[in-house]
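Structure file query-v1.txt (compact mmCIF, C-alpha atoms) follows.
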# COMPACT_ATOMS: atom_id res chain seq x y z
CA MET R 1 22.56 90.70 8.56
CA THR R 2 19.47 91.27 6.54
CA THR R 3 16.82 89.90 8.79
CA PRO R 4 14.59 92.80 9.73
CA SER R 5 12.00 90.39 10.99
CA PRO R 6 10.05 91.94 13.83
CA SER R 7 9.48 88.63 15.52
CA SER R 8 11.71 85.77 16.45
CA SER R 9 9.11 83.24 15.34
CA ALA R 10 9.50 84.47 11.77
CA GLU R 11 13.14 83.45 11.87
CA PRO R 12 13.45 80.62 9.38
CA LEU R 13 16.46 78.93 10.90
CA ALA R 14 15.09 77.36 14.00
CA GLN R 15 16.68 74.13 15.06
CA ARG R 16 13.52 72.15 14.79
CA GLN R 17 12.76 68.93 13.03
CA VAL R 18 9.94 69.48 10.63
CA ALA R 19 7.53 66.64 10.00
CA LEU R 20 8.64 64.60 7.01
CA ILE R 21 5.14 64.60 5.54
CA ASP R 22 4.99 68.41 5.56
CA LEU R 23 8.41 68.56 3.97
CA LEU R 24 7.49 66.08 1.24
CA ASP R 25 4.32 68.04 0.47
CA ARG R 26 6.59 70.96 -0.33
CA LEU R 27 9.52 69.21 -1.97
CA LEU R 28 7.53 66.87 -4.19
CA SER R 29 4.74 69.19 -5.24
CA GLY R 30 6.25 72.62 -4.50
CA GLY R 31 9.51 74.15 -5.56
CA ALA R 32 10.30 75.49 -9.00
CA VAL R 33 10.42 72.76 -11.62
CA LEU R 34 13.41 73.17 -13.92
CA THR R 35 14.39 70.84 -16.65
CA GLY R 36 17.37 68.98 -15.30
CA ASP R 37 19.77 66.76 -17.18
CA VAL R 38 18.42 63.89 -15.21
CA VAL R 39 14.85 64.34 -16.19
CA LEU R 40 12.48 63.38 -13.49
CA SER R 41 9.33 64.66 -15.02
CA ILE R 42 6.42 65.78 -12.96
CA ALA R 43 4.78 62.55 -13.95
CA ASP R 44 7.67 60.64 -12.44
CA ILE R 45 7.34 62.54 -9.23
CA ASP R 46 3.70 61.55 -9.22
CA LEU R 47 4.85 57.96 -9.62
CA VAL R 48 7.00 58.40 -6.57
CA ARG R 49 3.97 59.58 -4.72
CA VAL R 50 2.01 56.59 -5.89
CA SER R 51 4.67 54.10 -4.90
CA LEU R 52 4.91 55.60 -1.45
CA ARG R 53 1.16 55.59 -1.17
CA ALA R 54 1.05 53.21 1.75
CA LEU R 55 3.05 55.69 3.76
CA ILE R 56 2.03 59.03 2.41
CA VAL R 57 -1.25 58.41 0.61
CA SER R 58 -1.25 61.65 -1.23
CA ILE R 59 -3.65 60.45 -3.86
CA SER R 60 -6.89 61.35 -2.24
CA ALA R 61 -9.47 60.76 -4.95
CA GLN R 62 -10.94 57.90 -2.98
CA ASN R 63 -10.97 59.91 0.20
CA PRO R 64 -11.87 63.42 -0.82
CA SER R 65 -12.22 66.18 1.66
CA PRO R 66 -15.75 66.14 3.10
CA TRP R 67 -16.51 69.38 1.32
CA ALA R 68 -14.53 68.58 -1.78
CA GLU R 69 -17.28 69.87 -4.01
CA THR R 70 -16.96 73.40 -2.68
CA MET R 71 -13.42 73.68 -1.39
CA SER R 72 -11.23 71.63 -3.63
CA PRO R 73 -11.18 73.09 -7.11
CA ARG R 74 -9.52 70.00 -8.52
CA GLY R 75 -12.08 67.76 -6.93
CA THR R 76 -11.76 64.12 -7.78
CA HIS R 77 -9.67 64.81 -10.86
CA GLY R 78 -6.56 65.16 -8.71
CA GLY R 79 -3.89 62.51 -8.90
CA MET F 1 33.03 55.44 -10.52
CA ASN F 2 33.52 58.69 -8.66
CA ASP F 3 31.73 60.86 -11.14
CA LEU F 4 29.91 63.82 -9.74
CA VAL F 5 26.83 65.67 -10.92
CA THR F 6 25.43 69.03 -9.92
CA TYR F 7 22.46 69.02 -7.55
CA ALA F 8 20.63 72.37 -7.52
CA TYR F 9 18.76 73.50 -4.40
CA ALA F 10 17.61 77.02 -5.09
CA VAL F 11 18.01 80.24 -7.00
CA ALA F 12 19.02 83.17 -4.83
CA ARG F 13 19.85 86.81 -5.22
CA ALA F 14 23.57 87.20 -4.74
CA ASP F 15 25.20 89.47 -2.22
CA ASP F 16 28.77 89.92 -1.02
CA MET F 17 28.45 87.47 1.82
CA LEU F 18 26.48 84.75 0.10
CA HIS F 19 29.55 82.79 -1.02
CA VAL F 20 30.92 82.80 2.48
CA ARG F 21 27.66 81.64 3.96
CA ALA F 22 27.18 78.93 1.37
CA ALA F 23 30.72 77.64 1.80
CA VAL F 24 30.08 76.41 5.33
CA LEU F 25 27.00 74.41 4.37
CA LYS F 26 26.80 70.71 3.65
CA GLY F 27 24.08 69.48 1.35
CA VAL F 28 22.87 66.17 -0.02
CA ALA F 29 25.32 63.31 0.61
CA ASP F 30 27.24 65.65 2.94
CA SER F 31 28.61 67.51 -0.07
CA PRO F 32 29.95 71.07 0.29
CA VAL F 33 27.63 73.73 -1.07
CA HIS F 34 28.77 76.36 -3.54
CA LEU F 35 27.24 78.99 -5.79
CA VAL F 36 27.02 79.07 -9.57
CA PRO F 37 26.58 82.61 -10.91
CA GLY F 38 24.96 83.35 -14.25
CA SER F 39 27.24 84.03 -17.18
CA HIS F 40 25.81 87.46 -18.04
CA ASP F 41 25.79 88.97 -14.59
CA ASP F 42 26.19 87.77 -11.06
CA THR F 43 23.01 89.14 -9.52
CA LEU F 44 21.41 85.70 -9.43
CA VAL F 45 23.08 82.46 -8.40
CA LEU F 46 22.21 78.83 -8.24
CA VAL F 47 22.89 77.15 -4.92
CA VAL F 48 24.35 73.74 -5.75
CA SER F 49 26.56 70.92 -4.58
CA HIS F 50 28.26 68.00 -6.28
CA VAL F 51 26.72 64.63 -5.54
CA PRO F 52 27.68 61.11 -6.63
CA ALA F 53 26.47 60.51 -10.17
CA GLN F 54 25.64 56.88 -9.57
CA ASP F 55 22.96 57.82 -7.03
CA PHE F 56 21.38 60.45 -9.22
CA GLN F 57 21.24 58.86 -12.62
CA GLU F 58 17.73 58.41 -13.78
CA ASP F 59 17.22 54.72 -13.03
CA ALA F 60 19.04 54.85 -9.72
CA LEU F 61 17.13 57.94 -8.72
CA LYS F 62 13.79 56.34 -9.43
CA LEU F 63 14.70 53.39 -7.27
CA HIS F 64 16.08 55.57 -4.49
CA LEU F 65 12.98 57.69 -4.40
CA GLU F 66 10.98 54.65 -3.45
CA ASP F 67 13.19 54.14 -0.43
CA LEU F 68 11.72 56.27 2.29
CA ASP F 69 14.94 56.46 4.32
CA TRP F 70 16.90 57.65 1.30
CA LEU F 71 14.13 60.08 0.38
CA GLU F 72 14.06 61.48 3.89
CA ALA F 73 17.82 61.96 4.00
CA VAL F 74 17.81 63.84 0.70
CA ALA F 75 14.72 65.84 1.62
CA ARG F 76 16.18 66.93 4.94
CA ALA F 77 19.53 67.80 3.39
CA HIS F 78 17.79 69.80 0.66
CA HIS F 79 15.68 71.55 3.28
CA GLY F 80 18.72 72.25 5.46
CA VAL F 81 20.42 74.17 2.66
CA ILE F 82 17.26 76.09 1.79
CA GLU F 83 16.62 77.04 5.42
CA ALA F 84 20.18 78.20 6.00
CA MET F 85 20.17 80.36 2.88
CA ALA F 86 16.70 81.73 3.60
CA VAL F 87 17.89 83.30 6.83
CA HIS F 88 19.94 85.82 4.89
CA THR F 89 18.40 86.20 1.47
CA THR F 90 15.30 85.46 -0.56
CA VAL F 91 15.47 82.00 -2.06
CA LEU F 92 13.49 80.35 -4.80
CA PRO F 93 13.46 76.68 -3.77
CA LEU F 94 13.75 74.12 -6.54
CA ARG F 95 11.91 70.82 -6.66
CA LEU F 96 13.64 67.89 -5.00
CA ALA F 97 16.29 66.17 -7.12
CA THR F 98 16.94 68.80 -9.78
CA VAL F 99 20.21 67.44 -11.17
CA TYR F 100 22.63 68.57 -13.93
CA LEU F 101 25.63 66.89 -15.48
CA ASP F 102 27.85 69.75 -14.36
CA ASP F 103 27.84 73.38 -13.24
CA THR F 104 27.92 74.64 -16.81
CA ARG F 105 24.67 72.90 -17.67
CA ALA F 106 23.11 74.30 -14.51
CA ARG F 107 24.31 77.78 -15.45
CA ASP F 108 22.63 77.47 -18.85
CA VAL F 109 19.28 77.01 -17.16
CA LEU F 110 19.91 79.94 -14.85
CA ASP F 111 20.77 82.11 -17.86
CA ALA F 112 17.74 81.01 -19.82
CA ARG F 113 15.27 81.75 -17.04
CA ARG F 114 16.97 84.77 -15.51
CA ALA F 115 14.10 87.22 -15.99
CA LEU F 116 11.53 84.80 -14.62
CA PHE F 117 13.64 84.03 -11.56
CA ALA F 118 14.30 87.70 -10.85
CA GLU F 119 10.62 88.50 -11.06
CA ARG F 120 9.64 85.66 -8.77
CA LEU F 121 12.34 86.48 -6.22
CA ALA F 122 11.11 90.06 -6.11
CA HIS F 123 7.61 88.76 -5.44
CA LEU F 124 8.81 86.47 -2.65
CA ALA F 125 11.11 88.95 -0.91
CA GLU F 126 10.21 89.57 2.73
CA HIS F 127 7.51 86.92 2.65
CA VAL F 128 7.42 83.55 4.35
CA GLU F 129 5.22 80.52 3.94
CA TRP F 130 2.99 79.18 6.70
CA GLY F 131 1.34 75.79 6.57
CA VAL F 132 -2.17 75.59 7.98
CA LYS F 133 -3.77 72.21 8.56
CA ILE F 134 -7.20 71.44 9.95
CA HIS F 135 -7.81 68.08 11.58
CA VAL F 136 -11.11 66.71 12.78
CA GLU F 137 -11.46 64.27 15.64
CA PRO F 138 -15.08 63.16 15.73
CA SER F 139 -14.48 61.12 18.87
CA SER F 140 -13.72 64.22 20.90
CA ALA F 141 -16.92 65.99 19.84
CA PRO F 142 -19.77 66.33 22.30
CA ALA F 143 -21.50 63.01 22.88
CA ALA F 144 -24.87 62.42 21.34
CA PRO F 145 -27.80 62.65 23.74
CA ALA F 146 -28.31 59.50 25.74
CA PRO F 147 -31.02 57.20 24.41
CA GLN F 148 -34.38 57.50 26.11
CA ARG F 149 -35.05 54.96 28.80
CA GLY F 150 -37.93 52.61 28.51
CA GLU F 151 -37.86 52.57 24.76
CA ALA F 152 -37.38 48.99 23.87
CA LEU F 153 -35.94 49.03 20.39
CA SER F 154 -35.28 46.00 18.34
CA PRO F 155 -31.55 45.39 17.78
CA GLY F 156 -31.92 46.52 14.18
CA ARG F 157 -33.63 49.78 15.09
CA ALA F 158 -31.19 50.43 17.93
CA TYR F 159 -28.31 49.93 15.52
CA LEU F 160 -29.81 52.37 13.04
CA ARG F 161 -30.45 54.92 15.75
CA ASP F 162 -26.85 54.64 16.95
CA ARG F 163 -25.61 55.01 13.41
CA ARG F 164 -27.71 58.13 12.92
CA GLN F 165 -26.39 59.62 16.14
CA GLN F 166 -22.80 58.88 15.17
CA GLN F 167 -23.47 60.38 11.77
CA SER F 168 -24.92 63.51 13.27
CA VAL F 169 -21.89 63.94 15.52
CA ARG F 170 -19.66 63.55 12.48
CA ASP F 171 -21.73 66.02 10.51
CA SER F 172 -21.51 68.61 13.23
CA VAL F 173 -17.75 68.18 13.53
CA TYR F 174 -17.36 68.69 9.79
CA GLN F 175 -19.58 71.75 9.95
CA ASP F 176 -17.37 73.14 12.69
CA ALA F 177 -14.28 72.34 10.62
CA ARG F 178 -15.79 74.17 7.69
CA GLN F 179 -16.50 77.15 9.91
CA ALA F 180 -12.86 77.16 11.06
CA ALA F 181 -11.74 76.87 7.43
CA GLU F 182 -13.82 79.88 6.46
CA THR F 183 -12.40 81.90 9.33
CA ILE F 184 -8.89 80.99 8.22
CA GLU F 185 -9.63 81.86 4.61
CA ALA F 186 -10.81 85.28 5.74
CA LEU F 187 -7.56 85.72 7.70
CA GLY F 188 -5.71 84.68 4.56
CA ARG F 189 -7.47 87.38 2.56
CA ARG F 190 -6.54 89.91 5.21
CA TYR F 191 -2.91 88.99 5.84
CA ALA F 192 -1.62 86.76 3.04
CA VAL F 193 -0.85 87.48 -0.59
CA GLU F 194 -1.21 83.95 -1.97
CA ARG F 195 -2.57 80.58 -1.01
CA ALA F 196 -1.61 77.13 -2.23
CA ARG F 197 -3.49 73.92 -1.53
CA HIS F 198 -1.79 70.64 -0.79
CA ARG F 199 -3.53 67.31 -0.81
CA VAL F 200 -4.89 66.28 2.52
CA GLN F 201 -2.52 64.09 4.48
CA GLN F 202 -3.31 60.46 5.08
CA GLY F 203 -1.44 57.32 5.89
CA VAL F 204 1.20 56.27 8.35
CA LEU F 205 3.33 59.39 7.96
CA ALA F 206 0.37 61.61 8.77
CA GLY F 207 0.37 60.17 12.28
CA PRO F 208 -2.47 59.81 14.74
CA VAL F 209 -3.83 63.31 14.42
CA GLY F 210 -7.41 62.67 13.46
CA GLU F 211 -8.53 63.24 9.91
CA ASN F 212 -6.79 65.96 7.96
CA VAL F 213 -9.38 67.94 5.98
CA VAL F 214 -7.43 71.06 4.99
CA ASN F 215 -3.73 71.24 4.12
CA ASP F 216 -2.99 74.73 2.82
CA ALA F 217 -0.05 77.07 2.61
CA TYR F 218 -0.17 80.85 2.78
CA LEU F 219 2.44 83.34 1.61
CA VAL F 220 2.53 86.03 4.27
CA PRO F 221 4.52 89.28 4.44
CA ARG F 222 6.92 89.16 7.38
CA GLU F 223 5.28 92.06 9.13
CA HIS F 224 1.96 90.17 9.29
CA CYS F 225 3.34 86.82 10.39
CA GLU F 226 2.72 87.14 14.07
CA LYS F 227 -0.89 88.26 13.67
CA PHE F 228 -1.65 85.72 10.98
CA ARG F 229 -0.27 82.86 13.01
CA SER F 230 -1.89 83.74 16.29
CA GLU F 231 -5.28 84.51 14.77
CA VAL F 232 -5.27 81.31 12.73
CA LEU F 233 -4.50 79.31 15.86
CA HIS F 234 -7.63 80.79 17.46
CA ALA F 235 -9.89 80.00 14.51
CA ALA F 236 -11.18 76.83 16.16
CA ASP F 237 -11.78 78.33 19.59
CA GLY F 238 -14.99 76.92 20.98
CA LEU F 239 -15.18 74.23 18.31
CA ARG F 240 -14.70 70.82 19.86
CA GLY F 241 -13.28 68.10 17.69
CA VAL F 242 -11.51 70.55 15.37
CA ARG F 243 -7.79 71.05 15.69
CA ILE F 244 -5.67 73.57 13.82
CA GLU F 245 -1.99 73.04 13.22
CA VAL F 246 0.27 75.78 11.93
CA THR F 247 3.68 74.87 10.54
CA GLY F 248 6.45 77.20 9.56
CA PRO F 249 7.79 79.64 8.85
CA TRP F 250 8.89 77.88 5.68
CA ALA F 251 10.94 79.15 2.78
CA PRO F 252 8.37 79.76 0.02
CA TYR F 253 8.37 76.21 -1.37
CA SER F 254 4.69 76.24 -2.26
CA PHE F 255 4.99 79.58 -4.05
CA ALA F 256 8.14 79.07 -6.06
CA MET F 257 6.14 78.98 -9.26
CA PRO F 258 3.44 81.50 -10.07
CA SER F 259 0.08 79.81 -9.75
CA VAL F 260 -0.77 78.73 -13.26
CA VAL F 261 -4.45 78.12 -12.93
CA ALA F 262 -6.53 80.85 -11.42
CA ASP F 263 -8.11 79.41 -8.33
CA ASP F 264 -11.42 81.13 -7.83
CA ALA F 265 -11.27 80.45 -4.13
CA ALA F 266 -7.67 81.61 -3.81
CA ALA F 267 -6.98 83.93 -0.95
CA GLY F 268 -5.53 87.35 -1.38
CA THR F 269 -6.29 87.79 -5.04
CA GLU F 270 -8.92 90.41 -4.57
CA PRO F 271 -8.07 93.82 -5.99

Can the structure from this file be put into C-alpha cells for me?
Amino acid sequence: MTTPSPSSSAEPLAQRQVALIDLLDRLLSGGAVLTGDVVLSIADIDLVRVSLRALIVSISAQNPSPWAETMSPRGTHGG
Amino acid sequence: MNDLVTYAYAVARADDMLHVRAAVLKGVADSPVHLVPGSHDDTLVLVVSHVPAQDFQEDALKLHLEDLDWLEAVARAHHGVIEAMAVHTTVLPLRLATVYLDDTRARDVLDARRALFAERLAHLAEHVEWGVKIHVEPSSAPAAPAPQRGEALSPGRAYLRDRRQQQSVRDSVYQDARQAAETIEALGRRYAVERARHRVQQGVLAGPVGENVVNDAYLVPREHCEKFRSEVLHAADGLRGVRIEVTGPWAPYSFAMPSVVADDAAAGTEP
C-alpha cells in the first residue's frame, strides 16, 4: 500500500456518488488532451457542451459572474 | 461488427502491483481494464480497456455525447477507473473519450510524450484536487428594513423603492460572496500549489443550490488537505446568503495539463 495519507478524508476511493455536473466539469474541460485516432477536437468537446446547454449551461457569457471583470480572466470571451 | 478500439483513461507510473490492481477493474461498457506499457521502458503505462468500435467512431461518438444518459454512463465508468487507480499511484487523467484504433497506436502516443508525462506525474505526486464552489442565495440574506409607516407612496414609487431594496440585498450578498472568495484565495495561496477555474454552473444539472458564482479547483499537497478543507468550509462563517461547497478529493483532473496561460490571479504561484 502506498497511501501515506494522514487523513481518511484524503482517501480518493470513497464509495460516494459525485455530482454529474462536477464530474463533467473535469472530464470535458480537464484531463490531458491527447490526439486520439478518433479525433474529438477540443472544439468538438465545446460543441458537446453547447448541445447540452439546456442541462449544463456551461457557456456563461450571457450570465457572467457578478465580479467577472476582476475575477474571471477570460471574462466574456469564454465559450 | 464486434470490432474493438482502445479507450485510454490515464497515464500512470507503473509498479509491481499495478497490473494486478488494474485487472480487477471494469471500465467503459463494462470492459476489463489492462495496462499498456511504453515500448522503451515500462516505467509509465497507459490505463486502457477495449470498447466497441461502433460506439466510439467519430460520428457515433458525437451523437452519443449528446445523449446525457450515455454521457453519464461513460463519465462515471471513466471516473471509476481513475479513482480506483488513484488510490495506489499517481495518475494523469485523460480527457473523456480518448480513443485509439488499437493498443499499438495508444503506445505510440505514450512513447512520444513520455518525458512530458513523467514530469507532470512527478508534479502531481502526493497531491489531490479539491473543488471549491461558492453559491449565493439572496433570499436567505437579511431582510431589508421595513418600509416606514405613514408614507403614502404612489404605486410607481413604492415599486421603485422595493426594487432598490431588493437590489441592495443582492449587492450585499455579492459583496459577502466576494469576501468569502478572497478568504478562500488566501487559503489557496497558503495551502495549494495550483488553482484552476471552471465555468460557473448553471442549468438543470446544477440543481437548486442558489446561484453559483465561483467554481474553482485547487491542487493541494496531501499533508495540507485537512486544514485546507476545514478552513475553506469556514470562509463564509457569519456571512448569510453565501454557501460554500467543497468537493473531493479528486484525482487531479483539472491539473493534468500544465496551465498554459499565466493567470495573474492564480493561487500559489508566488515565489

Close residues, range 217-227 of chain F itself excluded, 9 Å, only C-alpha atoms, min 2 positions apart in chain, as a VMD selection string: (chain R and resid 4 to 7 9 to 10) or (chain F and resid 124 to 133 188 191 to 198 215 229 to 232 249 252 254 to 255 267)

Store the residues picked out above, limited to C-alpha atoms, as a PDB file, in the frame of the given file.
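Below is the file that was written, selection04.pdb:
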ATOM      1  CA  PRO R   4      14.590  92.800   9.730  1.00  0.00           C
ATOM      2  CA  SER R   5      12.000  90.390  10.990  1.00  0.00           C
ATOM      3  CA  PRO R   6      10.050  91.940  13.830  1.00  0.00           C
ATOM      4  CA  SER R   7       9.480  88.630  15.520  1.00  0.00           C
ATOM      5  CA  SER R   9       9.110  83.240  15.340  1.00  0.00           C
ATOM      6  CA  ALA R  10       9.500  84.470  11.770  1.00  0.00           C
TER       7      ALA R  10
ATOM      8  CA  LEU F 124       8.810  86.470  -2.650  1.00  0.00           C
ATOM      9  CA  ALA F 125      11.110  88.950  -0.910  1.00  0.00           C
ATOM     10  CA  GLU F 126      10.210  89.570   2.730  1.00  0.00           C
ATOM     11  CA  HIS F 127       7.510  86.920   2.650  1.00  0.00           C
ATOM     12  CA  VAL F 128       7.420  83.550   4.350  1.00  0.00           C
ATOM     13  CA  GLU F 129       5.220  80.520   3.940  1.00  0.00           C
ATOM     14  CA  TRP F 130       2.990  79.180   6.700  1.00  0.00           C
ATOM     15  CA  GLY F 131       1.340  75.790   6.570  1.00  0.00           C
ATOM     16  CA  VAL F 132      -2.170  75.590   7.980  1.00  0.00           C
ATOM     17  CA  LYS F 133      -3.770  72.210   8.560  1.00  0.00           C
ATOM     18  CA  GLY F 188      -5.710  84.680   4.560  1.00  0.00           C
ATOM     19  CA  TYR F 191      -2.910  88.990   5.840  1.00  0.00           C
ATOM     20  CA  ALA F 192      -1.620  86.760   3.040  1.00  0.00           C
ATOM     21  CA  VAL F 193      -0.850  87.480  -0.590  1.00  0.00           C
ATOM     22  CA  GLU F 194      -1.210  83.950  -1.970  1.00  0.00           C
ATOM     23  CA  ARG F 195      -2.570  80.580  -1.010  1.00  0.00           C
ATOM     24  CA  ALA F 196      -1.610  77.130  -2.230  1.00  0.00           C
ATOM     25  CA  ARG F 197      -3.490  73.920  -1.530  1.00  0.00           C
ATOM     26  CA  HIS F 198      -1.790  70.640  -0.790  1.00  0.00           C
ATOM     27  CA  ASN F 215      -3.730  71.240   4.120  1.00  0.00           C
ATOM     28  CA  ARG F 229      -0.270  82.860  13.010  1.00  0.00           C
ATOM     29  CA  SER F 230      -1.890  83.740  16.290  1.00  0.00           C
ATOM     30  CA  GLU F 231      -5.280  84.510  14.770  1.00  0.00           C
ATOM     31  CA  VAL F 232      -5.270  81.310  12.730  1.00  0.00           C
ATOM     32  CA  PRO F 249       7.790  79.640   8.850  1.00  0.00           C
ATOM     33  CA  PRO F 252       8.370  79.760   0.020  1.00  0.00           C
ATOM     34  CA  SER F 254       4.690  76.240  -2.260  1.00  0.00           C
ATOM     35  CA  PHE F 255       4.990  79.580  -4.050  1.00  0.00           C
ATOM     36  CA  ALA F 267      -6.980  83.930  -0.950  1.00  0.00           C
TER      37      ALA F 267
END

Interface, chain F side, toward chain R (6 Å; only C-alpha atoms) as a list in words: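 In the required form, that comes to Glu58, Glu83, Val87, His88, Pro93, Leu94, Arg95, Leu96, Thr98, Val99, Tyr100, Gln202, Gly203, Val204, Leu205, Val213, Pro249, Tyr253, Ser254, Ala256 and Met257 of chain F.
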
One-decimal distance in Å that lies between CA of Lys26 in chain F and CA of His79 in chain F: 11.2 Å

For Ala177 in chain F: contacts at 12 Å, all atoms listed in the file, fewer than 5 positions along chain excluded, given as a count of residues only: 30

I want to know what sits within 12 Å of Ala77 in chain F, based on all atoms listed in the file, with residues of the same chain fewer than 2 positions away left out; could you give that as a PDB file with C-alpha atoms, keeping the file's coordinate frame?
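Okay, around-v3.pdb is ready:
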ATOM      1  CA  GLN R  17      12.760  68.930  13.030  1.00  0.00           C
ATOM      2  CA  LEU R  20       8.640  64.600   7.010  1.00  0.00           C
ATOM      3  CA  LEU R  23       8.410  68.560   3.970  1.00  0.00           C
ATOM      4  CA  LEU R  27       9.520  69.210  -1.970  1.00  0.00           C
TER       5      LEU R  27
ATOM      6  CA  TYR F   7      22.460  69.020  -7.550  1.00  0.00           C
ATOM      7  CA  ALA F   8      20.630  72.370  -7.520  1.00  0.00           C
ATOM      8  CA  TYR F   9      18.760  73.500  -4.400  1.00  0.00           C
ATOM      9  CA  LEU F  25      27.000  74.410   4.370  1.00  0.00           C
ATOM     10  CA  LYS F  26      26.800  70.710   3.650  1.00  0.00           C
ATOM     11  CA  GLY F  27      24.080  69.480   1.350  1.00  0.00           C
ATOM     12  CA  VAL F  28      22.870  66.170  -0.020  1.00  0.00           C
ATOM     13  CA  ALA F  29      25.320  63.310   0.610  1.00  0.00           C
ATOM     14  CA  ASP F  30      27.240  65.650   2.940  1.00  0.00           C
ATOM     15  CA  SER F  31      28.610  67.510  -0.070  1.00  0.00           C
ATOM     16  CA  PRO F  32      29.950  71.070   0.290  1.00  0.00           C
ATOM     17  CA  VAL F  33      27.630  73.730  -1.070  1.00  0.00           C
ATOM     18  CA  VAL F  48      24.350  73.740  -5.750  1.00  0.00           C
ATOM     19  CA  SER F  49      26.560  70.920  -4.580  1.00  0.00           C
ATOM     20  CA  VAL F  51      26.720  64.630  -5.540  1.00  0.00           C
ATOM     21  CA  TRP F  70      16.900  57.650   1.300  1.00  0.00           C
ATOM     22  CA  LEU F  71      14.130  60.080   0.380  1.00  0.00           C
ATOM     23  CA  GLU F  72      14.060  61.480   3.890  1.00  0.00           C
ATOM     24  CA  ALA F  73      17.820  61.960   4.000  1.00  0.00           C
ATOM     25  CA  VAL F  74      17.810  63.840   0.700  1.00  0.00           C
ATOM     26  CA  ALA F  75      14.720  65.840   1.620  1.00  0.00           C
ATOM     27  CA  HIS F  79      15.680  71.550   3.280  1.00  0.00           C
ATOM     28  CA  GLY F  80      18.720  72.250   5.460  1.00  0.00           C
ATOM     29  CA  VAL F  81      20.420  74.170   2.660  1.00  0.00           C
ATOM     30  CA  ILE F  82      17.260  76.090   1.790  1.00  0.00           C
ATOM     31  CA  GLU F  83      16.620  77.040   5.420  1.00  0.00           C
ATOM     32  CA  ALA F  84      20.180  78.200   6.000  1.00  0.00           C
ATOM     33  CA  LEU F  96      13.640  67.890  -5.000  1.00  0.00           C
ATOM     34  CA  ALA F  97      16.290  66.170  -7.120  1.00  0.00           C
TER      35      ALA F  97
END

Shell around Arg107 in chain F at 8 Å using only C-alpha atoms, local window under 5 positions removed, as a ChimeraX atom specification: /F:36-39,46

Two-atom distance - CA of Ala60 in chain F, CA of Thr104 in chain F (Å): 22.8 Å

Among listed residues F:Thr6, F:Thr90, F:Gln57, F:Ser139, nearest Arg105 in chain F (using only C-alpha atoms): F:Thr6
